[in-house]
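**Student:** Got a structure for you, input_35.cif, holding mmCIF, C-alpha atoms.
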```
data_model
loop_
_atom_site.label_atom_id
_atom_site.label_comp_id
_atom_site.auth_asym_id
_atom_site.auth_seq_id
_atom_site.Cartn_x
_atom_site.Cartn_y
_atom_site.Cartn_z
CA MET A 1233 3.81 57.46 1.02
CA PHE A 1234 3.77 58.18 4.76
CA LEU A 1235 -0.02 57.81 4.82
CA LEU A 1236 0.37 54.16 3.83
CA LEU A 1237 2.60 53.32 6.79
CA PRO A 1238 -0.22 52.85 9.33
CA PHE A 1239 -2.04 50.57 6.87
CA ASP A 1240 1.13 48.53 6.24
CA SER A 1241 1.65 48.24 9.96
CA LEU A 1242 -1.93 47.03 10.41
CA VAL A 1243 -1.47 44.36 7.73
CA VAL A 1244 1.76 43.16 9.34
CA ASN A 1245 0.11 43.02 12.76
CA LEU A 1246 -2.87 41.09 11.42
CA LEU A 1247 -0.55 38.68 9.62
CA GLY A 1248 1.47 38.16 12.79
CA ILE A 1249 -1.66 37.57 14.86
CA SER A 1250 -2.99 35.08 12.26
CA ILE A 1251 0.27 33.09 12.25
CA THR A 1252 0.36 33.08 16.06
CA VAL A 1253 -3.24 31.89 16.29
CA LEU A 1254 -2.63 29.19 13.64
CA PHE A 1255 0.49 27.93 15.38
CA THR A 1256 -1.30 27.91 18.75
CA LEU A 1257 -4.18 25.89 17.27
CA LEU A 1258 -1.71 23.46 15.71
CA LEU A 1259 0.12 23.09 19.00
CA VAL A 1260 -2.98 22.66 21.18
CA PHE A 1261 -5.21 20.55 18.95
CA ILE A 1262 -2.73 18.51 16.87
CA ILE A 1263 0.91 18.47 17.99
CA VAL A 1264 0.42 18.05 21.76
CA PRO A 1265 -2.31 15.36 21.38
CA ALA A 1266 -0.03 13.57 18.89
CA ILE A 1267 2.84 13.60 21.40
CA PHE A 1268 0.67 11.91 24.04
CA GLY A 1269 -1.19 9.65 21.60
CA VAL A 1270 -4.66 11.08 22.27
CA SER A 1271 -7.35 12.33 19.93
CA PHE A 1272 -10.24 14.76 20.35
CA GLY A 1273 -12.32 12.89 17.73
CA ILE A 1274 -12.24 15.79 15.26
CA ARG A 1275 -10.99 13.57 12.40
CA LYS A 1276 -13.80 11.04 12.89
CA VAL A 1277 -16.44 13.77 12.79
CA TYR A 1278 -14.74 15.11 9.66
CA MET A 1279 -14.82 11.63 8.07
CA LYS A 1280 -18.53 11.10 8.84
CA THR A 1281 -19.36 14.51 7.36
CA LEU A 1282 -17.46 13.66 4.18
CA LEU A 1283 -19.30 10.34 3.85
CA LYS A 1284 -22.66 12.08 3.94
CA ILE A 1285 -21.52 14.58 1.30
CA PHE A 1286 -20.20 11.78 -0.95
CA GLN A 1287 -23.45 9.85 -0.64
CA TRP A 1288 -25.51 12.91 -1.56
CA ALA A 1289 -23.25 13.73 -4.51
CA THR A 1290 -23.38 10.16 -5.83
CA LEU A 1291 -27.18 10.01 -5.59
CA ARG A 1292 -27.43 13.39 -7.34
CA ILE A 1293 -25.17 12.17 -10.15
CA GLU A 1294 -27.16 8.97 -10.60
CA ARG A 1295 -30.45 10.88 -10.70
CA GLY A 1296 -29.07 13.44 -13.12
CA ALA A 1297 -27.63 10.77 -15.39
CA LYS A 1298 -30.97 8.96 -15.42
CA GLU A 1299 -32.82 12.16 -16.34
CA LYS A 1300 -30.42 12.83 -19.23
CA ASN A 1301 -30.26 9.20 -20.36
CA HIS A 1302 -26.52 8.92 -19.64
CA PRO A 1303 -25.57 5.35 -18.65
CA LEU A 1304 -23.36 5.20 -15.58
CA TYR A 1305 -20.27 2.99 -15.71
CA LYS A 1306 -20.25 0.50 -12.85
CA PRO A 1307 -16.94 -1.40 -12.77
CA TYR A 1308 -16.44 -4.78 -11.23
CA VAL A 1309 -15.66 -4.69 -7.52
CA ASN A 1310 -12.02 -3.58 -7.28
CA GLY A 1311 -11.73 -4.16 -11.04
CA ILE A 1312 -11.10 -7.88 -10.48
CA ILE A 1313 -12.60 -10.81 -12.34
CA ALA A 1314 -12.63 -13.89 -10.13
CA LYS A 1315 -11.49 -17.13 -11.76
CA GLU A 1316 -11.73 -20.69 -10.55
CA PRO A 1317 -8.26 -22.27 -10.27
CA THR A 1318 -7.93 -25.24 -12.65
CA SER A 1319 -4.92 -27.14 -13.96
CA LEU A 1320 -3.69 -27.28 -17.54
CA GLU A 1321 -4.47 -31.00 -17.77
CA GLU A 1322 -8.05 -30.58 -16.53
CA GLU A 1323 -8.82 -27.79 -19.00
CA ILE A 1324 -7.34 -29.62 -21.98
CA LYS A 1325 -9.35 -32.72 -21.07
CA GLU A 1326 -12.48 -30.58 -20.96
CA ILE A 1327 -11.72 -29.24 -24.45
CA ARG A 1328 -11.13 -32.75 -25.77
CA ARG A 1329 -14.34 -33.98 -24.14
CA SER A 1330 -16.43 -31.34 -25.91
CA GLY A 1331 -14.74 -31.41 -29.31
CA SER A 1332 -13.21 -34.80 -29.91
CA GLY A 1333 -14.32 -38.37 -30.03
CA LYS A 1334 -10.95 -39.75 -28.91
CA ALA A 1335 -10.15 -41.03 -25.45
CA LEU A 1336 -9.43 -38.32 -22.97
CA ASP A 1337 -6.12 -39.85 -21.91
CA THR A 1338 -4.78 -40.27 -25.44
CA PRO A 1339 -1.04 -39.54 -25.48
CA GLU A 1340 -0.95 -38.02 -28.95
CA PHE A 1341 -1.06 -34.32 -29.62
CA GLU A 1342 -4.45 -33.08 -30.75
CA LEU A 1343 -5.10 -29.96 -32.76
CA SER A 1344 -7.82 -28.93 -30.30
CA ASP A 1345 -5.14 -28.55 -27.59
CA ILE A 1346 -4.08 -25.33 -29.30
CA PHE A 1347 -7.37 -23.72 -28.31
CA TYR A 1348 -6.39 -23.92 -24.63
CA PHE A 1349 -3.30 -21.77 -25.19
CA CYS A 1350 -5.16 -19.39 -27.51
CA ARG A 1351 -7.91 -18.89 -24.93
CA LYS A 1352 -5.41 -18.32 -22.13
CA GLY A 1353 -3.59 -15.74 -24.23
CA ILE A 1354 -6.79 -13.83 -25.03
CA GLU A 1355 -7.92 -13.99 -21.39
CA THR A 1356 -4.59 -12.53 -20.29
CA ILE A 1357 -4.90 -9.67 -22.75
CA MET A 1358 -8.51 -8.91 -21.81
CA ASP A 1359 -8.07 -9.37 -18.06
CA ASP A 1360 -4.41 -8.83 -17.22
CA GLU A 1361 -3.88 -9.91 -13.61
CA VAL A 1362 -0.59 -8.04 -13.29
CA THR A 1363 -0.67 -4.57 -14.84
CA LYS A 1364 -4.12 -3.75 -13.42
CA ARG A 1365 -2.53 -4.02 -9.95
CA PHE A 1366 -0.38 -1.00 -10.77
CA SER A 1367 -3.18 1.43 -11.64
CA ALA A 1368 -5.48 3.35 -9.32
CA GLU A 1369 -8.35 1.43 -7.77
CA GLU A 1370 -11.64 2.41 -9.42
CA LEU A 1371 -14.57 3.77 -7.42
CA GLU A 1372 -18.29 3.52 -8.05
CA SER A 1373 -19.02 6.72 -6.14
CA TRP A 1374 -17.78 10.28 -6.63
CA ASN A 1375 -15.46 11.56 -3.90
CA LEU A 1376 -15.16 15.12 -5.31
CA LEU A 1377 -11.52 14.41 -6.21
CA SER A 1378 -11.85 13.03 -9.72
CA ARG A 1379 -14.44 11.87 -12.21
CA THR A 1380 -14.40 8.16 -11.51
CA ASN A 1381 -17.18 7.39 -13.98
CA TYR A 1382 -15.83 7.47 -17.52
CA ASN A 1383 -18.86 9.24 -19.00
CA PHE A 1384 -19.69 11.56 -16.10
CA GLN A 1385 -20.87 14.90 -17.47
CA TYR A 1386 -22.12 18.19 -16.06
CA ILE A 1387 -25.14 17.50 -13.84
CA SER A 1388 -26.05 20.59 -11.87
CA LEU A 1389 -24.76 23.94 -10.64
CA ARG A 1390 -24.87 22.79 -7.01
CA LEU A 1391 -22.55 19.86 -7.70
CA THR A 1392 -20.13 22.09 -9.59
CA VAL A 1393 -20.10 24.64 -6.77
CA LEU A 1394 -19.57 21.85 -4.24
CA TRP A 1395 -16.59 20.54 -6.22
CA GLY A 1396 -15.12 24.07 -6.47
CA LEU A 1397 -15.57 24.58 -2.74
CA GLY A 1398 -13.78 21.27 -2.15
CA VAL A 1399 -10.82 22.43 -4.26
CA LEU A 1400 -10.53 25.64 -2.21
CA ILE A 1401 -10.68 23.75 1.09
CA ARG A 1402 -8.12 21.16 0.04
CA TYR A 1403 -5.59 23.50 -1.57
CA CYS A 1404 -6.02 26.71 0.42
CA PHE A 1405 -6.63 25.32 3.92
CA LEU A 1406 -5.72 21.63 4.25
CA LEU A 1407 -2.55 21.73 2.10
CA PRO A 1408 -0.77 24.57 4.02
CA LEU A 1409 -1.84 23.02 7.32
CA ARG A 1410 -0.51 19.60 6.34
CA ILE A 1411 2.77 20.99 5.00
CA ALA A 1412 3.31 22.81 8.31
CA LEU A 1413 2.65 19.61 10.25
CA ALA A 1414 4.89 17.51 8.00
CA PHE A 1415 7.71 20.06 8.34
CA THR A 1416 7.25 20.03 12.13
CA GLY A 1417 7.29 16.24 12.33
CA ILE A 1418 10.37 15.80 10.10
CA SER A 1419 12.27 18.62 11.84
CA LEU A 1420 11.56 17.13 15.27
CA LEU A 1421 12.57 13.67 14.02
CA VAL A 1422 15.95 14.86 12.71
CA THR A 1423 16.63 17.09 15.72
CA GLY A 1424 15.39 14.64 18.35
CA THR A 1425 17.22 11.56 17.01
CA THR A 1426 20.43 13.56 16.56
CA VAL A 1427 20.33 14.74 20.20
CA VAL A 1428 19.43 11.28 21.51
CA GLY A 1429 22.27 9.81 19.42
CA TYR A 1430 24.85 11.63 21.59
CA LEU A 1431 23.62 9.93 24.77
CA PRO A 1432 25.48 6.86 26.05
CA ASN A 1433 23.92 3.49 25.24
CA GLY A 1434 21.51 2.31 27.89
CA ARG A 1435 17.88 2.18 28.93
CA CYS A 1436 17.52 5.97 28.98
CA LYS A 1437 18.70 6.30 25.37
CA GLU A 1438 16.49 3.41 24.25
CA PHE A 1439 13.44 4.89 26.01
CA LEU A 1440 13.97 8.38 24.55
CA SER A 1441 14.69 6.99 21.06
CA LYS A 1442 11.46 4.99 21.00
CA HIS A 1443 9.32 7.90 22.13
CA VAL A 1444 10.97 10.46 19.85
CA HIS A 1445 10.29 8.18 16.85
CA LEU A 1446 6.73 7.51 17.99
CA MET A 1447 5.96 11.18 18.62
CA CYS A 1448 7.30 12.32 15.23
CA TYR A 1449 5.50 9.58 13.29
CA ARG A 1450 2.22 10.49 14.97
CA ILE A 1451 2.66 14.13 13.95
CA CYS A 1452 3.35 13.01 10.36
CA VAL A 1453 0.19 10.87 10.47
CA ARG A 1454 -1.76 14.00 11.44
CA ALA A 1455 -0.17 15.76 8.46
CA LEU A 1456 -2.12 13.34 6.21
CA THR A 1457 -5.31 13.52 8.26
CA ALA A 1458 -4.90 9.78 8.62
CA ILE A 1459 -7.69 7.91 10.38
CA ILE A 1460 -6.33 4.48 11.30
CA THR A 1461 -8.14 1.59 12.97
CA TYR A 1462 -5.82 -0.97 14.59
CA HIS A 1463 -7.14 -4.48 15.25
CA ASP A 1464 -5.79 -7.23 17.54
CA ARG A 1465 -3.07 -5.14 19.13
CA GLU A 1466 -2.09 -8.03 21.38
CA ASN A 1467 -0.36 -9.52 18.29
CA ARG A 1468 1.90 -6.50 17.73
CA PRO A 1469 5.49 -7.42 16.72
CA ARG A 1470 8.01 -7.98 19.51
CA ASN A 1471 11.77 -7.64 19.79
CA GLY A 1472 13.81 -10.20 17.91
CA GLY A 1473 11.14 -10.75 15.25
CA ILE A 1474 10.34 -9.61 11.73
CA CYS A 1475 7.20 -7.66 10.84
CA VAL A 1476 6.05 -8.25 7.25
CA ALA A 1477 3.18 -6.38 5.61
CA ASN A 1478 1.61 -5.86 2.21
CA HIS A 1479 2.84 -2.70 0.50
CA THR A 1480 0.60 -0.02 -1.02
CA SER A 1481 2.37 3.24 -0.27
CA PRO A 1482 5.54 4.72 1.26
CA ILE A 1483 3.34 5.95 4.11
CA ASP A 1484 2.83 2.32 5.19
CA VAL A 1485 5.92 2.93 7.31
CA ILE A 1486 4.47 5.79 9.34
CA ILE A 1487 1.07 4.05 9.52
CA LEU A 1488 2.68 1.15 11.37
CA ALA A 1489 5.40 3.09 13.22
CA SER A 1490 2.84 5.45 14.76
CA ASP A 1491 1.51 2.48 16.77
CA GLY A 1492 4.72 0.63 17.61
CA TYR A 1493 8.49 0.59 17.55
CA TYR A 1494 10.40 -0.80 14.58
CA ALA A 1495 13.88 -0.95 13.11
CA MET A 1496 13.75 0.03 9.45
CA VAL A 1497 15.52 -1.75 6.61
CA GLY A 1498 16.39 0.00 3.39
CA GLN A 1499 18.87 1.42 0.95
CA ILE A 1500 20.91 4.49 1.84
CA HIS A 1501 19.64 7.59 0.01
CA GLY A 1502 20.98 11.06 -0.60
CA GLY A 1503 19.32 14.45 -0.13
CA LEU A 1504 16.67 14.99 2.53
CA MET A 1505 16.01 11.26 2.90
CA GLY A 1506 19.72 10.70 3.54
CA VAL A 1507 19.75 13.37 6.26
CA ILE A 1508 16.78 11.68 7.97
CA GLN A 1509 18.39 8.22 7.72
CA ARG A 1510 21.70 9.37 9.19
CA ALA A 1511 19.91 11.08 12.08
CA MET A 1512 17.66 8.08 12.79
CA VAL A 1513 20.46 5.51 12.86
CA LYS A 1514 22.27 7.49 15.57
CA ALA A 1515 19.40 6.88 18.00
CA CYS A 1516 18.17 3.44 16.88
CA PRO A 1517 19.84 0.41 15.22
CA HIS A 1518 18.16 0.68 11.83
CA VAL A 1519 19.63 -1.46 9.03
CA TRP A 1520 20.70 0.68 6.05
CA PHE A 1521 22.51 -0.77 3.03
CA GLU A 1522 24.71 0.85 0.42
CA ARG A 1523 23.47 0.56 -3.15
CA SER A 1524 26.20 -1.99 -3.94
CA GLU A 1525 25.28 -4.10 -0.89
CA VAL A 1526 21.56 -4.45 -1.65
CA LYS A 1527 22.19 -7.05 -4.37
CA ASP A 1528 24.55 -9.02 -2.12
CA ARG A 1529 22.00 -11.47 -0.70
CA PRO A 1530 24.35 -13.30 1.70
CA LEU A 1531 25.45 -9.97 3.20
CA VAL A 1532 21.84 -8.79 3.59
CA ALA A 1533 20.83 -12.09 5.20
CA LYS A 1534 23.80 -11.93 7.56
CA ARG A 1535 22.99 -8.39 8.70
CA LEU A 1536 19.33 -9.25 9.28
CA THR A 1537 20.19 -12.48 11.11
CA GLU A 1538 22.56 -10.64 13.44
CA HIS A 1539 19.83 -8.11 14.19
CA VAL A 1540 17.05 -10.58 15.01
CA GLN A 1541 19.34 -12.75 17.14
CA ASP A 1542 19.73 -9.86 19.55
CA LYS A 1543 16.43 -10.01 21.47
CA SER A 1544 17.01 -6.50 22.85
CA LYS A 1545 16.73 -4.95 19.37
CA LEU A 1546 13.49 -3.75 17.85
CA PRO A 1547 11.57 -5.92 15.35
CA ILE A 1548 12.54 -5.33 11.73
CA LEU A 1549 9.86 -3.89 9.42
CA ILE A 1550 9.96 -5.39 5.91
CA PHE A 1551 7.69 -5.19 2.85
CA PRO A 1552 8.53 -8.45 1.00
CA GLU A 1553 6.67 -7.52 -2.21
CA GLY A 1554 9.44 -5.05 -3.00
CA THR A 1555 7.09 -2.60 -4.73
CA CYS A 1556 3.76 -0.87 -4.18
CA ILE A 1557 0.55 -2.70 -5.22
CA ASN A 1558 -2.76 -0.87 -5.70
CA ASN A 1559 -4.64 -1.90 -2.53
CA THR A 1560 -6.54 -4.71 -4.24
CA SER A 1561 -4.04 -7.57 -4.12
CA VAL A 1562 -0.95 -9.10 -2.55
CA MET A 1563 1.77 -10.23 -4.94
CA MET A 1564 4.73 -12.57 -4.52
CA PHE A 1565 6.78 -12.20 -1.33
CA LYS A 1566 10.55 -12.33 -1.81
CA LYS A 1567 11.89 -15.27 0.18
CA GLY A 1568 14.93 -13.51 1.70
CA SER A 1569 13.31 -12.41 4.95
CA PHE A 1570 11.77 -15.88 5.43
CA GLU A 1571 15.11 -17.71 5.25
CA ILE A 1572 16.44 -16.19 8.48
CA GLY A 1573 14.50 -18.42 10.83
CA ALA A 1574 13.07 -15.65 13.01
CA THR A 1575 9.47 -15.35 14.19
CA VAL A 1576 7.39 -13.53 11.59
CA TYR A 1577 4.63 -11.12 12.62
CA PRO A 1578 2.24 -10.65 9.63
CA VAL A 1579 0.34 -7.38 9.27
CA ALA A 1580 -2.45 -6.63 6.79
CA ILE A 1581 -3.07 -3.03 5.69
CA LYS A 1582 -6.19 -2.03 3.76
CA TYR A 1583 -6.94 1.56 2.69
CA ASP A 1584 -10.38 3.03 2.08
CA PRO A 1585 -10.12 4.71 -1.36
CA GLN A 1586 -13.26 6.83 -0.85
CA PHE A 1587 -11.26 9.60 0.82
CA GLY A 1588 -8.04 9.44 -1.17
CA ASP A 1589 -6.00 6.96 -3.17
CA ALA A 1590 -2.92 5.96 -1.13
CA PHE A 1591 -1.37 3.83 -3.90
CA TRP A 1592 1.95 5.12 -5.25
CA ASN A 1593 2.40 4.35 -8.94
CA SER A 1594 6.13 5.05 -9.01
CA SER A 1595 6.22 4.45 -12.78
CA LYS A 1596 3.83 7.39 -13.29
CA TYR A 1597 4.43 9.82 -10.41
CA GLY A 1598 7.59 11.05 -8.72
CA MET A 1599 7.75 11.29 -4.93
CA VAL A 1600 7.01 15.05 -4.85
CA THR A 1601 3.97 14.68 -7.11
CA TYR A 1602 2.75 11.71 -5.09
CA LEU A 1603 3.06 13.57 -1.77
CA LEU A 1604 1.19 16.54 -3.26
CA ARG A 1605 -1.64 14.23 -4.34
CA MET A 1606 -1.73 12.70 -0.87
CA MET A 1607 -1.77 16.06 0.91
CA THR A 1608 -4.56 17.37 -1.30
CA SER A 1609 -6.77 14.32 -0.69
CA TRP A 1610 -9.59 14.52 1.82
CA ALA A 1611 -7.99 12.07 4.22
CA ILE A 1612 -6.16 8.76 4.44
CA VAL A 1613 -8.41 6.13 6.02
CA CYS A 1614 -7.16 2.61 6.61
CA SER A 1615 -7.45 -0.50 8.77
CA VAL A 1616 -4.49 -2.43 10.17
CA TRP A 1617 -4.74 -6.04 11.38
CA TYR A 1618 -2.00 -7.59 13.52
CA LEU A 1619 -2.06 -11.34 12.81
CA PRO A 1620 -0.79 -14.02 15.22
CA PRO A 1621 2.98 -14.68 14.93
CA MET A 1622 4.05 -17.42 12.52
CA THR A 1623 7.15 -19.62 12.41
CA ARG A 1624 8.61 -21.77 9.68
CA GLN A 1625 7.54 -25.41 9.90
CA PRO A 1626 10.18 -28.19 9.69
CA GLU A 1627 8.88 -29.45 6.33
CA GLU A 1628 8.59 -25.97 4.77
CA ASP A 1629 11.15 -24.20 2.63
CA ALA A 1630 11.43 -20.41 2.58
CA VAL A 1631 9.15 -20.04 -0.48
CA GLN A 1632 6.37 -22.13 1.05
CA PHE A 1633 6.61 -20.21 4.31
CA ALA A 1634 6.47 -16.88 2.44
CA ASN A 1635 3.37 -18.03 0.53
CA ARG A 1636 1.65 -19.15 3.74
CA VAL A 1637 2.26 -15.76 5.36
CA LYS A 1638 1.13 -13.97 2.20
CA SER A 1639 -2.11 -15.99 2.07
CA ALA A 1640 -2.89 -15.12 5.70
CA ILE A 1641 -2.37 -11.40 5.01
CA ALA A 1642 -4.51 -11.50 1.85
CA ARG A 1643 -7.31 -13.37 3.60
CA GLN A 1644 -7.43 -10.96 6.55
CA GLY A 1645 -7.23 -7.80 4.43
CA GLY A 1646 -9.79 -8.95 1.85
CA LEU A 1647 -7.11 -8.84 -0.87
CA VAL A 1648 -6.55 -11.08 -3.89
CA ASP A 1649 -3.66 -13.52 -3.38
CA LEU A 1650 -1.48 -13.55 -6.52
CA LEU A 1651 1.67 -15.54 -7.31
CA TRP A 1652 3.08 -12.98 -9.75
CA ASP A 1653 6.29 -11.12 -8.96
CA GLY A 1654 5.76 -7.39 -8.36
CA GLY A 1655 8.97 -6.81 -10.34
CA LEU A 1656 6.84 -7.23 -13.49
CA LYS A 1657 5.83 -3.62 -12.84
CA ARG A 1658 9.01 -2.58 -14.64
CA GLU A 1659 10.28 -5.78 -16.27
CA LYS A 1660 9.12 -8.16 -18.98
CA VAL A 1661 7.83 -11.63 -18.18
CA LYS A 1662 10.74 -14.00 -17.65
CA ASP A 1663 11.26 -16.85 -20.11
CA THR A 1664 10.98 -19.28 -17.20
CA PHE A 1665 7.24 -18.50 -16.91
CA LYS A 1666 6.71 -19.47 -20.55
CA GLU A 1667 8.95 -22.52 -20.24
CA GLU A 1668 6.96 -23.66 -17.21
CA GLN A 1669 3.76 -23.93 -19.28
CA GLN A 1670 5.65 -25.75 -22.04
CA LYS A 1671 7.03 -28.25 -19.50
CA LEU A 1672 3.58 -28.89 -18.02
CA TYR A 1673 2.12 -29.69 -21.43
CA SER A 1674 5.14 -31.78 -22.42
CA LYS A 1675 4.94 -33.71 -19.16
CA MET A 1676 1.25 -34.43 -19.78
CA ILE A 1677 2.01 -35.92 -23.23
CA VAL A 1678 5.30 -37.65 -22.42
CA GLY A 1679 3.99 -38.87 -19.07
CA ASN A 1680 1.06 -40.58 -20.79
CA HIS A 1681 3.49 -42.25 -23.22
CA GLU A 1682 5.54 -43.58 -20.31
CA ASP A 1683 2.41 -44.84 -18.53
CA ARG A 1684 1.28 -46.58 -21.73
CA SER A 1685 4.67 -48.28 -22.29
CA ARG A 1686 4.61 -49.62 -18.71
CA SER A 1687 1.18 -51.09 -19.24
#
```
Render the structure in this file as structure tokens.
**Tutor:**
Amino acid sequence: MFLLLPFDSLVVNLLGISITVLFTLLLVFIIVPAIFGVSFGIRKVYMKTLLKIFQWATLRIERGAKEKNHPLYKPYVNGIIAKEPTSLEEEIKEIRRSGSGKALDTPEFELSDIFYFCRKGIETIMDDEVTKRFSAEELESWNLLSRTNYNFQYISLRLTVLWGLGVLIRYCFLLPLRIALAFTGISLLVTGTTVVGYLPNGRCKEFLSKHVHLMCYRICVRALTAIITYHDRENRPRNGGICVANHTSPIDVIILASDGYYAMVGQIHGGLMGVIQRAMVKACPHVWFERSEVKDRPLVAKRLTEHVQDKSKLPILIFPEGTCINNTSVMMFKKGSFEIGATVYPVAIKYDPQFGDAFWNSSKYGMVTYLLRMMTSWAIVCSVWYLPPMTRQPEEDAVQFANRVKSAIARQGGLVDLLWDGGLKREKVKDTFKEEQQKLYSKMIVGNHEDRSRS
């Protein structure tokens, strides 16, 4: 028993030295650079190395599949089928033109009109524009994280060994490192904002609050090995405005907040999130709502209006879609934040799925599972575009303004602009959508009757 003591002591010493060295490396190469907003370029070298490995693996898979006569599945780009926008009246006239000898503007119902609705129904089933936006974006190349080709089979020993090595690196090295960084960032955020909250209101408190938030968000960004490219920084949101962005992931917040200062808007939570919220609001005027208040639209609008009218307060960060979309599209913006009358600063966020899928499918994964998937990805790579500020035009209502902002974000981010409500992620299609199509067809028939009676 006593003979084992020197060995135990050696193990403890080695463990202590390893932890000290690891913490020192974290402090010198990650935490301190994050505090000052500098980078040694290690993440970019890491990203370029991964790209070369992915390219080699994809070529090897394609060659192996060709040798074994296995067809490779190549999905459409982003899984989207582009369609030319046409009206109900135009399409029905086209059907009548090809299948009927009657005049195209005949007011009577024709049996061939049914084929329009049948075709639309089948198209919707085969190419659903809504539910496909809530599933992971498909890749044509292998990123050593999953088998993205549906019939991918064993190719070679080298590929299998490479995949196994990737699992070891991601789970045994990157995951513990990222958890340590995330714990450091969150702990500093709670501690720092709590301490700053006790200071009297003034420039000193405002300065410290901004830099504490910025420092902690940058550490959290490092915890995801996030490589972010910001474009057009001269358009960054300013005090008294509202920043609106497309929404793919909960980490959209830290992606944006690691490059600027924002006041957050959201529902009050319990648990760890509640602790963070209570600490943050002591140092900065974030806008948190009780669960019962969220559905009170006049109250929400009043609180937001009061915030933006004070030009000394930080810009509000809002995601008008209200839910996460899978990095291929932008769905309907809720009009609430566009009714206030403040200057809107649009921001487009686009993730590169080659290194890890940032989309959070909240219907499939809980927050813990999602964070584990994120922290075991290779990296989070994305581009952020700050668009010129936009204001509501005199002839525009809130819905038209929201759609104009949404179109600008979709165009800049290379995303598909959809009119569907993201709430369909969890709800059935409202009857009003079906009634709208019925009214359009009825108007076409009845309108022609009215035109004929006038003539």
**Student:** Quick one: residues within 12 Å of Asp1464 (chain A), all atoms listed in the file counted, chain neighbours fewer than 6 positions away excluded, as a PyMOL selection string?
**Tutor:** chain A and resi 1578-1580+1615-1621+1644
**Student:** What does the PyMOL selection byres ((chain A and resi 1566) around 7) select in this file, as a PyMOL selection string?
**Tutor:** chain A and resi 1552-1553+1564-1565+1567-1568
**Student:** So that I can see what lies close to region 1434-1442 of chain A, please list as a PDB file with C-alpha atoms, in the coordinates of the input the residues with an atom at most 9 Å from it, counting only C-alpha atoms and leaving out residues fewer than 4 positions away in the same chain.
**Tutor:**
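New file part20.pdb:
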```
ATOM      1  CA  GLY A1424      15.390  14.640  18.350  1.00  0.00           C
ATOM      2  CA  THR A1425      17.220  11.560  17.010  1.00  0.00           C
ATOM      3  CA  VAL A1428      19.430  11.280  21.510  1.00  0.00           C
ATOM      4  CA  GLY A1429      22.270   9.810  19.420  1.00  0.00           C
ATOM      5  CA  TYR A1430      24.850  11.630  21.590  1.00  0.00           C
ATOM      6  CA  LEU A1446       6.730   7.510  17.990  1.00  0.00           C
ATOM      7  CA  MET A1447       5.960  11.180  18.620  1.00  0.00           C
ATOM      8  CA  GLY A1492       4.720   0.630  17.610  1.00  0.00           C
ATOM      9  CA  TYR A1493       8.490   0.590  17.550  1.00  0.00           C
ATOM     10  CA  TYR A1494      10.400  -0.800  14.580  1.00  0.00           C
ATOM     11  CA  MET A1512      17.660   8.080  12.790  1.00  0.00           C
ATOM     12  CA  ALA A1515      19.400   6.880  18.000  1.00  0.00           C
ATOM     13  CA  CYS A1516      18.170   3.440  16.880  1.00  0.00           C
TER      14      CYS A1516
END
```
**Student:** Write out as a list in words the residues lying within 7 Å of region 1584-1587 of chain A, counting only C-alpha atoms and excluding same-chain residues fewer than 3 positions away.
**Tutor:**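 Contacts, in chain order: Asn1375, Ser1609, Trp1610, Ala1611, Ile1612, Val1613 and Cys1614 of chain A.
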**Student:** Run the PyMOL selection byres ((chain A and resi 1411) around 12) mentally over the shown coordinates, then write out the matched residues as a PyMOL selection string, using the chain letters and numbers from the document.
**Tutor:** chain A and resi 1258+1402-1410+1412-1419+1451-1457+1603-1604+1606-1608
**Student:** Counting all atoms listed in the file, figure out which residue out of A:Ala1634, A:Val1277, A:Met1505, A:Leu1431 gets nearest to Val1576 (chain A).
**Tutor:**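 Of A:Ala1634, A:Val1277, A:Met1505, A:Leu1431, the one nearest Val1576 (chain A), counting all atoms listed in the file, is A:Ala1634.
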**Student:** Would you mind telling me which residue in A:Lys1596, A:Lys1543, A:Lys1514, A:Lys1671 lies nearest to Asn1433 (chain A) when using only C-alpha atoms?
**Tutor:**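 Looking only at the distances to Asn1433 (chain A), the closest residue turns out to be A:Lys1514.
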**Student:** Find the distance between CA of Thr1560 (chain A) and CA of Gly1646 (chain A) and write it in Å to one decimal.
**Tutor:**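 Going from CA of Thr1560 (chain A) over to CA of Gly1646 (chain A), I get 8.1 Å.
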**Student:** Could you list the residues chosen by the PyMOL selection byres ((chain A and resi 1570) around 12) in this structure as number ranges by chain?
**Tutor:** A: 1473-1476, 1533, 1536-1537, 1550-1552, 1565-1569, 1571-1578, 1622-1625, 1628-1638
**Student:** Work out how far apart CA of Ile1508 (chain A) and CA of Ser1490 (chain A) are and give it in Å to one decimal.
**Tutor:**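 It comes out at 16.7 Å.
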**Student:** Using Å and a single decimal, report how far CA of Tyr1602 (chain A) sits from CA of Ile1285 (chain A).
**Tutor:** 25.3 Å
